[in-house]
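Structure data follow from data36.cif (mmCIF, C-alpha atoms and all ligand atoms):
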data_entry
#
loop_
_atom_site.label_atom_id
_atom_site.label_comp_id
_atom_site.auth_asym_id
_atom_site.auth_seq_id
_atom_site.Cartn_x
_atom_site.Cartn_y
_atom_site.Cartn_z
CA MET Z 241 -32.21 -8.86 27.47
CA THR Z 242 -29.80 -6.90 29.65
CA ARG Z 243 -26.11 -6.26 29.09
CA LEU Z 244 -24.36 -5.53 32.37
CA HIS Z 245 -21.19 -3.50 33.04
CA ASN Z 246 -18.32 -5.89 32.29
CA PHE Z 247 -14.86 -4.96 33.60
CA CYS Z 248 -13.28 -8.35 32.88
CA ALA Z 249 -9.53 -8.40 32.23
CA GLY Z 250 -9.95 -10.95 29.45
CA PRO Z 251 -11.78 -12.39 27.65
CA ALA Z 252 -13.23 -8.93 27.86
CA ALA Z 253 -16.23 -6.84 26.88
CA MET Z 254 -17.07 -6.64 23.17
CA PRO Z 255 -18.80 -3.63 21.59
CA SER Z 256 -22.57 -4.29 21.63
CA ALA Z 257 -22.81 -3.02 18.04
CA VAL Z 258 -20.38 -5.73 16.93
CA LEU Z 259 -22.33 -8.49 18.67
CA GLU Z 260 -25.58 -7.23 17.16
CA ARG Z 261 -24.04 -7.27 13.69
CA ALA Z 262 -22.70 -10.79 14.28
CA ARG Z 263 -26.18 -11.87 15.43
CA GLU Z 264 -27.78 -10.49 12.27
CA GLU Z 265 -25.26 -12.27 10.10
CA MET Z 266 -25.04 -15.45 12.15
CA LEU Z 267 -27.20 -17.87 10.14
CA ASP Z 268 -26.91 -16.34 6.68
CA TYR Z 269 -23.82 -14.25 6.04
CA ARG Z 270 -24.87 -11.50 3.62
CA GLY Z 271 -27.03 -13.71 1.41
CA GLN Z 272 -24.51 -16.56 1.14
CA GLY Z 273 -26.92 -18.99 2.84
CA LEU Z 274 -24.49 -20.13 5.51
CA SER Z 275 -22.67 -18.84 8.60
CA VAL Z 276 -19.09 -17.54 8.48
CA MET Z 277 -18.13 -20.40 10.81
CA GLU Z 278 -19.41 -22.94 8.27
CA MET Z 279 -17.42 -21.64 5.28
CA SER Z 280 -14.19 -22.88 3.81
CA HIS Z 281 -11.30 -20.63 4.76
CA ARG Z 282 -10.30 -20.92 1.07
CA SER Z 283 -13.64 -19.61 -0.19
CA PRO Z 284 -13.66 -16.21 -1.92
CA THR Z 285 -16.15 -14.98 0.71
CA PHE Z 286 -13.87 -15.78 3.63
CA GLU Z 287 -10.79 -14.58 1.78
CA ALA Z 288 -12.54 -11.23 1.37
CA ILE Z 289 -13.44 -11.14 5.10
CA ALA Z 290 -9.82 -11.88 6.03
CA ALA Z 291 -8.37 -9.34 3.62
CA LYS Z 292 -10.77 -6.59 4.74
CA ALA Z 293 -9.89 -7.24 8.39
CA GLU Z 294 -6.19 -6.85 7.62
CA ARG Z 295 -6.78 -3.70 5.52
CA ASP Z 296 -8.80 -2.05 8.29
CA PHE Z 297 -6.28 -3.04 10.97
CA ARG Z 298 -3.45 -1.59 8.86
CA GLU Z 299 -5.39 1.60 8.30
CA LEU Z 300 -6.22 2.03 12.00
CA LEU Z 301 -2.58 1.72 13.05
CA ALA Z 302 -1.10 3.25 9.86
CA ILE Z 303 1.11 0.17 9.50
CA PRO Z 304 3.92 0.81 6.98
CA ASP Z 305 4.16 -1.39 3.85
CA ASN Z 306 7.36 -3.09 5.01
CA TYR Z 307 5.51 -4.78 7.88
CA ARG Z 308 3.53 -8.00 7.61
CA VAL Z 309 0.40 -8.66 9.67
CA LEU Z 310 0.00 -12.29 10.76
CA PHE Z 311 -3.09 -13.92 12.26
CA MET Z 312 -2.03 -16.81 14.48
CA GLN Z 313 -3.41 -18.98 17.31
CA GLY Z 314 -1.92 -19.88 20.68
CA GLY Z 315 -2.36 -16.50 22.34
CA ALA Z 316 0.30 -14.08 23.47
CA THR Z 317 1.74 -16.90 25.55
CA MET Z 318 2.71 -18.79 22.41
CA GLN Z 319 4.41 -15.64 21.14
CA PHE Z 320 6.58 -15.68 24.28
CA ALA Z 321 8.15 -18.76 22.62
CA CYS Z 322 7.81 -17.52 19.02
CA VAL Z 323 9.82 -14.36 19.74
CA PRO Z 324 13.10 -16.11 20.67
CA LEU Z 325 12.49 -18.90 18.11
CA ASN Z 326 12.08 -16.39 15.30
CA LEU Z 327 14.76 -13.89 16.27
CA LEU Z 328 17.69 -15.86 17.69
CA GLY Z 329 18.76 -17.72 14.52
CA GLY Z 330 21.75 -15.44 14.16
CA GLY Z 331 22.79 -15.83 17.80
CA GLY Z 332 22.98 -13.10 20.40
CA THR Z 333 21.31 -12.68 23.75
CA PRO Z 334 17.61 -11.92 24.15
CA ASN Z 335 17.15 -8.79 26.26
CA TYR Z 336 14.05 -8.14 28.35
CA LEU Z 337 12.53 -5.44 30.51
CA ASP Z 338 10.92 -6.87 33.62
CA THR Z 339 7.85 -4.94 34.74
CA GLY Z 340 5.61 -7.64 36.16
CA ILE Z 341 3.90 -10.98 35.68
CA TRP Z 342 3.56 -10.99 31.89
CA SER Z 343 7.11 -9.85 31.17
CA THR Z 344 8.38 -12.45 33.66
CA LYS Z 345 6.54 -15.18 31.75
CA ALA Z 346 8.07 -13.97 28.48
CA ILE Z 347 11.56 -14.04 30.04
CA LYS Z 348 11.07 -17.64 31.21
CA GLU Z 349 10.25 -18.76 27.66
CA ALA Z 350 13.35 -17.04 26.28
CA ASP Z 351 15.42 -18.79 28.95
CA HIS Z 352 14.49 -22.14 27.37
CA LEU Z 353 16.54 -21.11 24.34
CA GLY Z 354 19.50 -19.72 26.27
CA ALA Z 355 19.41 -17.40 29.23
CA GLY Z 356 17.90 -14.01 28.59
CA HIS Z 357 19.41 -10.80 29.91
CA VAL Z 358 17.19 -8.64 32.08
CA ALA Z 359 18.12 -5.14 30.89
CA ALA Z 360 16.05 -3.44 33.59
CA SER Z 361 13.65 -4.54 36.29
CA THR Z 362 11.39 -2.68 38.67
CA LYS Z 363 10.72 -5.74 40.79
CA ALA Z 364 12.38 -4.07 43.80
CA SER Z 365 9.70 -1.34 43.72
CA GLY Z 366 6.98 -4.02 43.78
CA TYR Z 367 6.43 -3.23 40.09
CA ALA Z 368 4.92 0.11 41.04
CA ARG Z 369 6.50 1.84 38.01
CA VAL Z 370 8.19 1.12 34.68
CA PRO Z 371 11.98 1.56 34.42
CA ARG Z 372 13.31 4.95 33.36
CA ALA Z 373 15.13 5.06 30.01
CA ASP Z 374 18.44 5.64 31.81
CA GLU Z 375 18.01 2.46 33.85
CA ILE Z 376 18.00 0.20 30.76
CA ALA Z 377 21.35 -1.59 30.33
CA LEU Z 378 21.45 -3.77 27.20
CA SER Z 379 23.92 -6.64 26.95
CA SER Z 380 26.69 -6.07 24.40
CA ASP Z 381 25.50 -8.98 22.19
CA ALA Z 382 21.78 -8.20 22.41
CA ALA Z 383 19.63 -9.79 19.68
CA TYR Z 384 16.50 -7.78 20.50
CA LEU Z 385 14.82 -5.92 23.34
CA HIS Z 386 11.42 -7.20 24.49
CA TYR Z 387 9.00 -5.40 26.78
CA CYS Z 388 5.37 -5.55 27.78
CA HIS Z 389 3.70 -2.21 27.00
CA ASN Z 390 0.87 -2.64 29.49
CA GLU Z 391 1.10 -5.05 32.42
CA THR Z 392 -2.50 -6.19 32.59
CA ILE Z 393 -2.29 -7.61 36.11
CA GLY Z 394 -0.13 -4.96 37.78
CA GLY Z 395 -1.86 -2.05 36.04
CA LEU Z 396 1.23 -0.22 34.84
CA ALA Z 397 2.17 0.92 31.34
CA PHE Z 398 5.10 2.53 29.55
CA ASP Z 399 4.63 6.22 28.86
CA TYR Z 400 7.56 6.22 26.43
CA VAL Z 401 9.05 3.92 23.78
CA PRO Z 402 12.43 2.44 24.79
CA GLU Z 403 15.21 3.67 22.49
CA VAL Z 404 17.12 0.89 20.70
CA ASP Z 405 17.67 2.41 17.25
CA SER Z 406 21.22 3.45 17.95
CA ALA Z 407 22.08 -0.17 18.78
CA GLY Z 408 20.27 -1.35 15.60
CA LEU Z 409 18.17 -3.74 17.66
CA PRO Z 410 14.63 -4.80 16.94
CA LEU Z 411 12.25 -3.65 19.63
CA VAL Z 412 9.67 -6.36 20.40
CA CYS Z 413 6.50 -5.52 22.28
CA ASP Z 414 3.69 -7.48 23.91
CA MET Z 415 0.70 -5.16 23.40
CA SER Z 416 -1.99 -7.68 24.28
CA SER Z 417 -3.89 -5.40 26.62
CA SER Z 418 -3.27 -2.00 25.03
CA ILE Z 419 -3.19 -2.38 21.23
CA LEU Z 420 -5.75 -0.15 19.48
CA SER Z 421 -6.36 1.87 22.66
CA THR Z 422 -4.34 4.80 21.23
CA PRO Z 423 -2.55 5.55 17.94
CA LEU Z 424 0.91 4.05 17.64
CA ASP Z 425 4.10 4.64 15.61
CA VAL Z 426 4.64 1.09 14.33
CA SER Z 427 7.93 2.07 12.63
CA GLN Z 428 9.60 2.27 16.06
CA TYR Z 429 9.14 -1.49 16.48
CA GLY Z 430 10.49 -4.67 14.96
CA VAL Z 431 7.65 -6.85 16.23
CA ILE Z 432 4.35 -6.15 18.00
CA TYR Z 433 2.03 -8.94 19.08
CA ALA Z 434 -1.27 -9.14 20.89
CA GLY Z 435 -3.74 -11.83 21.88
CA ALA Z 436 -7.20 -10.78 20.74
CA GLN Z 437 -9.34 -11.20 23.82
CA LYS Z 438 -8.68 -7.78 25.36
CA ASN Z 439 -9.01 -5.15 22.64
CA ILE Z 440 -9.36 -7.01 19.33
CA GLY Z 441 -12.08 -9.63 19.57
CA PRO Z 442 -12.82 -13.03 21.08
CA ALA Z 443 -10.11 -15.38 22.35
CA GLY Z 444 -8.52 -17.71 19.82
CA ILE Z 445 -6.68 -15.37 17.49
CA THR Z 446 -3.41 -13.53 17.95
CA VAL Z 447 -2.16 -10.69 15.79
CA VAL Z 448 1.55 -10.28 15.03
CA ILE Z 449 2.98 -7.24 13.23
CA VAL Z 450 6.51 -7.99 12.04
CA ARG Z 451 8.98 -5.97 9.98
CA GLU Z 452 9.77 -7.91 6.79
CA ASP Z 453 13.54 -7.98 7.22
CA LEU Z 454 13.13 -9.88 10.51
CA LEU Z 455 11.46 -12.87 8.84
CA ASP Z 456 14.74 -14.66 8.09
CA ARG Z 457 16.14 -14.90 11.63
CA ALA Z 458 14.42 -18.05 12.89
CA VAL Z 459 16.49 -20.70 14.64
CA ALA Z 460 16.88 -23.88 12.59
CA ARG Z 461 14.31 -26.55 13.41
CA THR Z 462 11.65 -24.05 14.43
CA PRO Z 463 8.39 -26.03 14.10
CA SER Z 464 6.58 -24.69 11.03
CA LEU Z 465 3.50 -23.50 12.90
CA LEU Z 466 5.66 -21.42 15.24
CA GLY Z 467 7.55 -19.67 12.43
CA TRP Z 468 6.36 -16.21 11.44
CA LYS Z 469 7.70 -16.58 7.89
CA VAL Z 470 5.42 -19.54 7.18
CA TYR Z 471 2.42 -17.39 8.09
CA ALA Z 472 3.73 -14.46 6.06
CA ASP Z 473 4.26 -16.69 3.00
CA ASN Z 474 0.79 -18.26 3.26
CA ASP Z 475 -1.41 -15.27 4.14
CA SER Z 476 -1.80 -16.79 7.65
CA MET Z 477 -3.55 -19.82 6.13
CA ILE Z 478 -0.92 -22.52 6.43
CA ASN Z 479 -3.60 -24.56 8.19
CA THR Z 480 -7.20 -23.77 9.14
CA PRO Z 481 -7.20 -20.36 10.83
CA PRO Z 482 -9.73 -19.43 13.56
CA THR Z 483 -12.13 -18.13 10.95
CA TYR Z 484 -14.96 -16.92 13.17
CA ALA Z 485 -12.62 -15.07 15.55
CA TRP Z 486 -10.95 -13.46 12.51
CA TYR Z 487 -14.35 -12.33 11.21
CA LEU Z 488 -15.31 -10.86 14.62
CA ALA Z 489 -11.96 -9.08 14.88
CA GLY Z 490 -12.76 -7.58 11.47
CA LEU Z 491 -16.10 -6.32 12.77
CA VAL Z 492 -14.30 -4.71 15.74
CA PHE Z 493 -11.87 -2.95 13.36
CA GLU Z 494 -14.82 -1.69 11.32
CA TRP Z 495 -16.52 -0.47 14.51
CA LEU Z 496 -13.35 1.39 15.53
CA LYS Z 497 -13.14 3.07 12.13
CA ASP Z 498 -16.78 3.81 11.39
CA ASP Z 499 -18.54 4.12 14.76
CA ILE Z 500 -15.70 5.51 16.90
CA GLY Z 501 -13.86 7.43 14.19
CA GLY Z 502 -10.37 5.95 14.54
CA LEU Z 503 -7.75 5.67 17.25
CA HIS Z 504 -7.38 9.37 18.09
CA ALA Z 505 -11.07 9.42 18.98
CA MET Z 506 -10.70 6.11 20.84
CA GLU Z 507 -7.78 7.48 22.83
CA ALA Z 508 -9.77 10.56 23.90
CA ILE Z 509 -12.59 8.34 25.18
CA ASN Z 510 -10.12 6.01 26.93
CA ARG Z 511 -8.38 8.96 28.63
CA ARG Z 512 -11.68 10.28 29.94
CA LYS Z 513 -12.64 6.82 31.23
CA SER Z 514 -9.42 6.13 33.11
CA GLN Z 515 -9.21 9.73 34.38
CA ALA Z 516 -12.69 9.44 35.86
CA LEU Z 517 -11.75 6.27 37.73
CA TYR Z 518 -8.32 7.45 38.92
CA ASP Z 519 -9.90 10.74 40.05
CA ALA Z 520 -12.50 8.81 42.08
CA ILE Z 521 -9.74 6.73 43.67
CA ASP Z 522 -7.44 9.68 44.37
CA ALA Z 523 -10.25 11.80 45.83
CA SER Z 524 -10.98 9.12 48.40
CA GLU Z 525 -9.26 8.02 51.60
CA PHE Z 526 -10.93 4.65 51.24
CA TYR Z 527 -9.61 3.53 47.82
CA ALA Z 528 -5.98 3.43 46.69
CA ASN Z 529 -4.01 2.63 43.54
CA PRO Z 530 -0.35 1.63 44.11
CA ILE Z 531 1.13 2.70 40.76
CA ALA Z 532 3.33 5.78 40.24
CA PRO Z 533 1.17 8.34 38.37
CA ALA Z 534 3.39 8.42 35.24
CA SER Z 535 3.20 4.62 34.91
CA ARG Z 536 -0.54 4.26 35.45
CA SER Z 537 -2.31 2.09 32.89
CA LEU Z 538 -5.02 3.46 30.63
CA MET Z 539 -6.62 0.02 30.40
CA ASN Z 540 -6.32 -1.84 33.72
CA VAL Z 541 -6.89 -0.05 37.01
CA PRO Z 542 -6.18 -2.05 40.16
CA PHE Z 543 -7.35 -0.59 43.45
CA THR Z 544 -7.57 -1.64 47.07
CA LEU Z 545 -10.02 -0.88 49.84
CA ALA Z 546 -8.75 0.61 53.11
CA ASP Z 547 -10.23 -2.39 54.89
CA ASP Z 548 -9.49 -5.71 53.13
CA SER Z 549 -12.19 -7.48 55.09
CA LEU Z 550 -14.77 -5.54 53.04
CA ASN Z 551 -13.56 -6.99 49.71
CA GLY Z 552 -16.18 -9.74 49.60
CA ARG Z 553 -18.98 -7.36 50.45
CA PHE Z 554 -17.78 -4.85 47.82
CA LEU Z 555 -17.77 -7.50 45.10
CA GLU Z 556 -21.17 -8.88 46.08
CA GLU Z 557 -22.84 -5.48 46.13
CA ALA Z 558 -21.13 -4.45 42.90
CA GLU Z 559 -22.42 -7.55 41.19
CA ALA Z 560 -25.92 -6.86 42.45
CA GLU Z 561 -25.62 -3.45 40.72
CA GLY Z 562 -24.59 -5.15 37.48
CA LEU Z 563 -20.87 -4.34 37.85
CA LEU Z 564 -19.11 -7.57 36.88
CA ASN Z 565 -15.59 -8.98 37.14
CA LEU Z 566 -14.00 -6.46 39.49
CA LYS Z 567 -12.05 -8.99 41.54
CA GLY Z 568 -8.30 -8.38 41.33
CA HIS Z 569 -5.95 -11.06 39.98
CA ARG Z 570 -5.29 -13.81 42.53
CA SER Z 571 -1.61 -12.82 42.69
CA VAL Z 572 -2.37 -9.18 43.58
CA GLY Z 573 -5.67 -9.20 45.47
CA GLY Z 574 -7.96 -6.21 45.85
CA MET Z 575 -9.93 -5.03 42.84
CA ARG Z 576 -9.19 -4.41 39.20
CA ALA Z 577 -11.34 -2.65 36.63
CA SER Z 578 -10.35 -3.23 33.02
CA LEU Z 579 -11.39 -0.34 30.79
CA TYR Z 580 -10.80 -1.72 27.30
CA ASN Z 581 -12.19 -0.02 24.19
CA ALA Z 582 -15.60 -1.70 24.45
CA VAL Z 583 -16.13 -0.45 28.03
CA THR Z 584 -18.13 2.77 27.81
CA GLU Z 585 -17.99 6.02 29.75
CA ALA Z 586 -21.44 5.10 31.11
CA ASP Z 587 -19.98 1.82 32.47
CA VAL Z 588 -17.24 3.78 34.26
CA ALA Z 589 -19.75 6.31 35.62
CA ALA Z 590 -21.82 3.43 37.04
CA LEU Z 591 -18.67 2.09 38.73
CA THR Z 592 -17.54 5.39 40.26
CA THR Z 593 -21.07 6.10 41.51
CA PHE Z 594 -21.19 2.69 43.15
CA MET Z 595 -17.72 3.18 44.68
CA GLN Z 596 -18.68 6.52 46.21
CA ASP Z 597 -21.90 5.08 47.54
CA PHE Z 598 -20.15 2.03 49.01
CA GLU Z 599 -17.55 4.25 50.69
CA ARG Z 600 -20.29 6.40 52.29
CA ARG Z 601 -22.07 3.35 53.66
CA ARG Z 602 -19.03 1.31 54.77
CA GLY Z 603 -16.05 3.61 54.88
C1 LIG Z 701 -3.57 -11.67 28.56
C2 LIG Z 701 -2.14 -11.37 28.34
C3 LIG Z 701 -1.23 -12.35 27.93
C4 LIG Z 701 -1.62 -13.81 27.75
O1 LIG Z 701 -2.49 -13.97 26.70
P1 LIG Z 701 -2.98 -15.44 26.28
O2 LIG Z 701 -3.75 -15.13 25.03
O3 LIG Z 701 -3.82 -15.98 27.38
O4 LIG Z 701 -1.79 -16.27 26.01
C5 LIG Z 701 0.08 -11.98 27.70
N1 LIG Z 701 0.48 -10.71 27.86
C6 LIG Z 701 -0.36 -9.74 28.26
C7 LIG Z 701 0.15 -8.36 28.43
C8 LIG Z 701 -1.69 -10.05 28.51
O5 LIG Z 701 -2.55 -9.07 28.89
#
Take the structure in the file and write it out as structure tokens.
Amino acid sequence: MTRLHNFCAGPAAMPSAVLERAREEMLDYRGQGLSVMEMSHRSPTFEAIAAKAERDFRELLAIPDNYRVLFMQGGATMQFACVPLNLLGGGGTPNYLDTGIWSTKAIKEADHLGAGHVAASTKASGYARVPRADEIALSSDAAYLHYCHNETIGGLAFDYVPEVDSAGLPLVCDMSSSILSTPLDVSQYGVIYAGAQKNIGPAGITVVIVREDLLDRAVARTPSLLGWKVYADNDSMINTPPTYAWYLAGLVFEWLKDDIGGLHAMEAINRRKSQALYDAIDASEFYANPIAPASRSLMNVPFTLADDSLNGRFLEEAEAEGLLNLKGHRSVGGMRASLYNAVTEADVAALTTFMQDFERRRG
């Protein structure tokens, strides 16, 4: 058996230790005589798995007691609709920061419920940076401010938390591709959500962190399975939850706590990984990354080759070296290496070595 170097943007690499543990427990979960995926979600065994996952997640992010953690389905894309549905019951205009493809999709969903206000956009720069704090202009009747912390496709991330406290607005953040990559001050946010398949676990489960006082703002006639309060009131078990994905997410949280040593340790590893790759790009005349240094993503590193006609060759040779999923998103082109938590420093070293070698031979 060989595990190759997987730089996929999502569904993404999982920690090998987690998969090994899942394999051991696959047929007979800890002496219960059945697999986690065969158990009732109402059984005491699964309830304990679910509760432990939430406890560990709360501990990792130091989530304050006045926040609820919800486990939903539908991905981050469903949350693009859930955010306006759950926060516009009292009226007001949804405000958005536009930094690329994912924030644009979120804005389109909000527009279904009444046009959103774009409080700042860096589209004119080709999304090569995030907006500065002084470029953000909220509408006078803003209901919340939404932004995407890390644009997975563009490869840019906020290096600061937008200030909305003075306006008393909830700050809402799509953290699908950056949650758990560094510590976080949850109290600065009203709502944080993330699809699992980048840094949490397999696809099929979505985590929402919501401040309790925001649970009564849903628009009337919100379908029950799209309403955060229904999940909060039913321990995220209003219907059958994605039990196996929940269990695997729990194993990832345990791995982060026990094997890695928490999010400060994870951040240090992630900084070394991305630094190594950006250094390799910056040291070369052959590779380039288009993002302003302060807005560079810790998790997703797009890069181009000086000669586009070599893209196919680069990808083929990379794959032959066991370096998988480096093709950039179809809307951007070039290459992209995603360096989520489960990607190791050894994976990144294999990539930079290959890049230097390829440049010598072709550049
Ligand atoms: C992947 C991603 C999404 C979409 O997630 P789905 O689970 O496919 O709906 C949304 N936002 C960001 C930032 C992402 O990285």
Using all atoms listed in the file, find each protein or nucleic acid residue lying at most 9 Å from ligand LIG 701 (chain Z); present the set as an MDAnalysis selection string. chainID Z and resid 249:251 313:320 341:343 345:346 388:393 414:418 434:438 443:446
Residues near Ser365 of chain Z, anyone? I mean within 12 Å using only C-alpha atoms, not counting same-chain ones fewer than 5 positions away, as a list in words. Asp338, Thr339, Gly340, Val370, Pro371, Pro530, Ile531 and Ala532 of chain Z
Convert the current residue selection to file output with C-alpha atoms, as a compact mmCIF listing (two decimals), in the coordinates of the input.
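part_14.txt, freshly written:
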# COMPACT_ATOMS: atom_id res chain seq x y z
CA ASP Z 338 10.92 -6.87 33.62
CA THR Z 339 7.85 -4.94 34.74
CA GLY Z 340 5.61 -7.64 36.16
CA VAL Z 370 8.19 1.12 34.68
CA PRO Z 371 11.98 1.56 34.42
CA PRO Z 530 -0.35 1.63 44.11
CA ILE Z 531 1.13 2.70 40.76
CA ALA Z 532 3.33 5.78 40.24
For atom CA of Val541 of chain Z and atom CA of Ala577 of chain Z, quote the distance in Å rounded to one decimal.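 If I compute the distance from atom CA of Val541 of chain Z to atom CA of Ala577 of chain Z, I get 5.2 Å.
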If I take atom CA of Val358 of chain Z and atom CA of Leu538 of chain Z, how far is one from the other in Å, to one decimal?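 Atom CA of Val358 of chain Z sits 25.3 Å away from atom CA of Leu538 of chain Z.
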Ranking Z:Val258, Z:Lys292, Z:Tyr471, Z:Gly271 by minimum distance to Pro442 of chain Z and counting all atoms listed in the file, which one comes first?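 Closest residue, counting all atoms listed in the file: Z:Val258.
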Find the residue from Z:His281, Z:Arg602, Z:Arg372, Z:Lys469 that sits nearest to Asp548 of chain Z; use all atoms listed in the file when measuring. Z:Arg602
Generate the missing atoms of segment 505-523 of chain Z up to N, CA and C atoms and report them as a PDB file, in the frame of the given file.
ATOM      1  N   ALA Z 505      -9.785   9.302  18.274  1.00  0.00           N
ATOM      2  CA  ALA Z 505     -11.070   9.420  18.980  1.00  0.00           C
ATOM      3  C   ALA Z 505     -11.155   8.389  20.101  1.00  0.00           C
ATOM      4  N   MET Z 506     -10.666   7.173  19.809  1.00  0.00           N
ATOM      5  CA  MET Z 506     -10.700   6.110  20.840  1.00  0.00           C
ATOM      6  C   MET Z 506      -9.841   6.515  22.024  1.00  0.00           C
ATOM      7  N   GLU Z 507      -8.669   7.075  21.739  1.00  0.00           N
ATOM      8  CA  GLU Z 507      -7.780   7.480  22.830  1.00  0.00           C
ATOM      9  C   GLU Z 507      -8.451   8.539  23.721  1.00  0.00           C
ATOM     10  N   ALA Z 508      -9.124   9.498  23.102  1.00  0.00           N
ATOM     11  CA  ALA Z 508      -9.770  10.560  23.900  1.00  0.00           C
ATOM     12  C   ALA Z 508     -10.802   9.944  24.849  1.00  0.00           C
ATOM     13  N   ILE Z 509     -11.585   9.005  24.329  1.00  0.00           N
ATOM     14  CA  ILE Z 509     -12.590   8.340  25.180  1.00  0.00           C
ATOM     15  C   ILE Z 509     -11.886   7.563  26.298  1.00  0.00           C
ATOM     16  N   ASN Z 510     -10.832   6.813  25.928  1.00  0.00           N
ATOM     17  CA  ASN Z 510     -10.120   6.010  26.930  1.00  0.00           C
ATOM     18  C   ASN Z 510      -9.503   6.894  28.017  1.00  0.00           C
ATOM     19  N   ARG Z 511      -8.974   8.061  27.621  1.00  0.00           N
ATOM     20  CA  ARG Z 511      -8.380   8.960  28.630  1.00  0.00           C
ATOM     21  C   ARG Z 511      -9.448   9.470  29.589  1.00  0.00           C
ATOM     22  N   ARG Z 512     -10.601   9.803  29.054  1.00  0.00           N
ATOM     23  CA  ARG Z 512     -11.680  10.280  29.940  1.00  0.00           C
ATOM     24  C   ARG Z 512     -12.113   9.175  30.903  1.00  0.00           C
ATOM     25  N   LYS Z 513     -12.216   7.938  30.381  1.00  0.00           N
ATOM     26  CA  LYS Z 513     -12.640   6.820  31.230  1.00  0.00           C
ATOM     27  C   LYS Z 513     -11.665   6.586  32.381  1.00  0.00           C
ATOM     28  N   SER Z 514     -10.381   6.462  32.055  1.00  0.00           N
ATOM     29  CA  SER Z 514      -9.420   6.130  33.110  1.00  0.00           C
ATOM     30  C   SER Z 514      -9.264   7.320  34.064  1.00  0.00           C
ATOM     31  N   GLN Z 515      -9.320   8.552  33.520  1.00  0.00           N
ATOM     32  CA  GLN Z 515      -9.210   9.730  34.380  1.00  0.00           C
ATOM     33  C   GLN Z 515     -10.341   9.746  35.408  1.00  0.00           C
ATOM     34  N   ALA Z 516     -11.530   9.429  34.959  1.00  0.00           N
ATOM     35  CA  ALA Z 516     -12.690   9.440  35.860  1.00  0.00           C
ATOM     36  C   ALA Z 516     -12.481   8.449  37.009  1.00  0.00           C
ATOM     37  N   LEU Z 517     -11.935   7.273  36.678  1.00  0.00           N
ATOM     38  CA  LEU Z 517     -11.750   6.270  37.730  1.00  0.00           C
ATOM     39  C   LEU Z 517     -10.574   6.629  38.646  1.00  0.00           C
ATOM     40  N   TYR Z 518      -9.456   7.053  38.061  1.00  0.00           N
ATOM     41  CA  TYR Z 518      -8.320   7.450  38.920  1.00  0.00           C
ATOM     42  C   TYR Z 518      -8.702   8.643  39.799  1.00  0.00           C
ATOM     43  N   ASP Z 519      -9.470   9.584  39.245  1.00  0.00           N
ATOM     44  CA  ASP Z 519      -9.900  10.740  40.050  1.00  0.00           C
ATOM     45  C   ASP Z 519     -10.734  10.269  41.241  1.00  0.00           C
ATOM     46  N   ALA Z 520     -11.643   9.317  40.994  1.00  0.00           N
ATOM     47  CA  ALA Z 520     -12.500   8.810  42.080  1.00  0.00           C
ATOM     48  C   ALA Z 520     -11.637   8.136  43.147  1.00  0.00           C
ATOM     49  N   ILE Z 521     -10.622   7.412  42.707  1.00  0.00           N
ATOM     50  CA  ILE Z 521      -9.740   6.730  43.670  1.00  0.00           C
ATOM     51  C   ILE Z 521      -8.923   7.751  44.456  1.00  0.00           C
ATOM     52  N   ASP Z 522      -8.346   8.711  43.726  1.00  0.00           N
ATOM     53  CA  ASP Z 522      -7.440   9.680  44.370  1.00  0.00           C
ATOM     54  C   ASP Z 522      -8.190  10.633  45.305  1.00  0.00           C
ATOM     55  N   ALA Z 523      -9.469  10.866  45.008  1.00  0.00           N
ATOM     56  CA  ALA Z 523     -10.250  11.800  45.830  1.00  0.00           C
ATOM     57  C   ALA Z 523     -10.689  11.147  47.135  1.00  0.00           C
TER      58      ALA Z 523
END
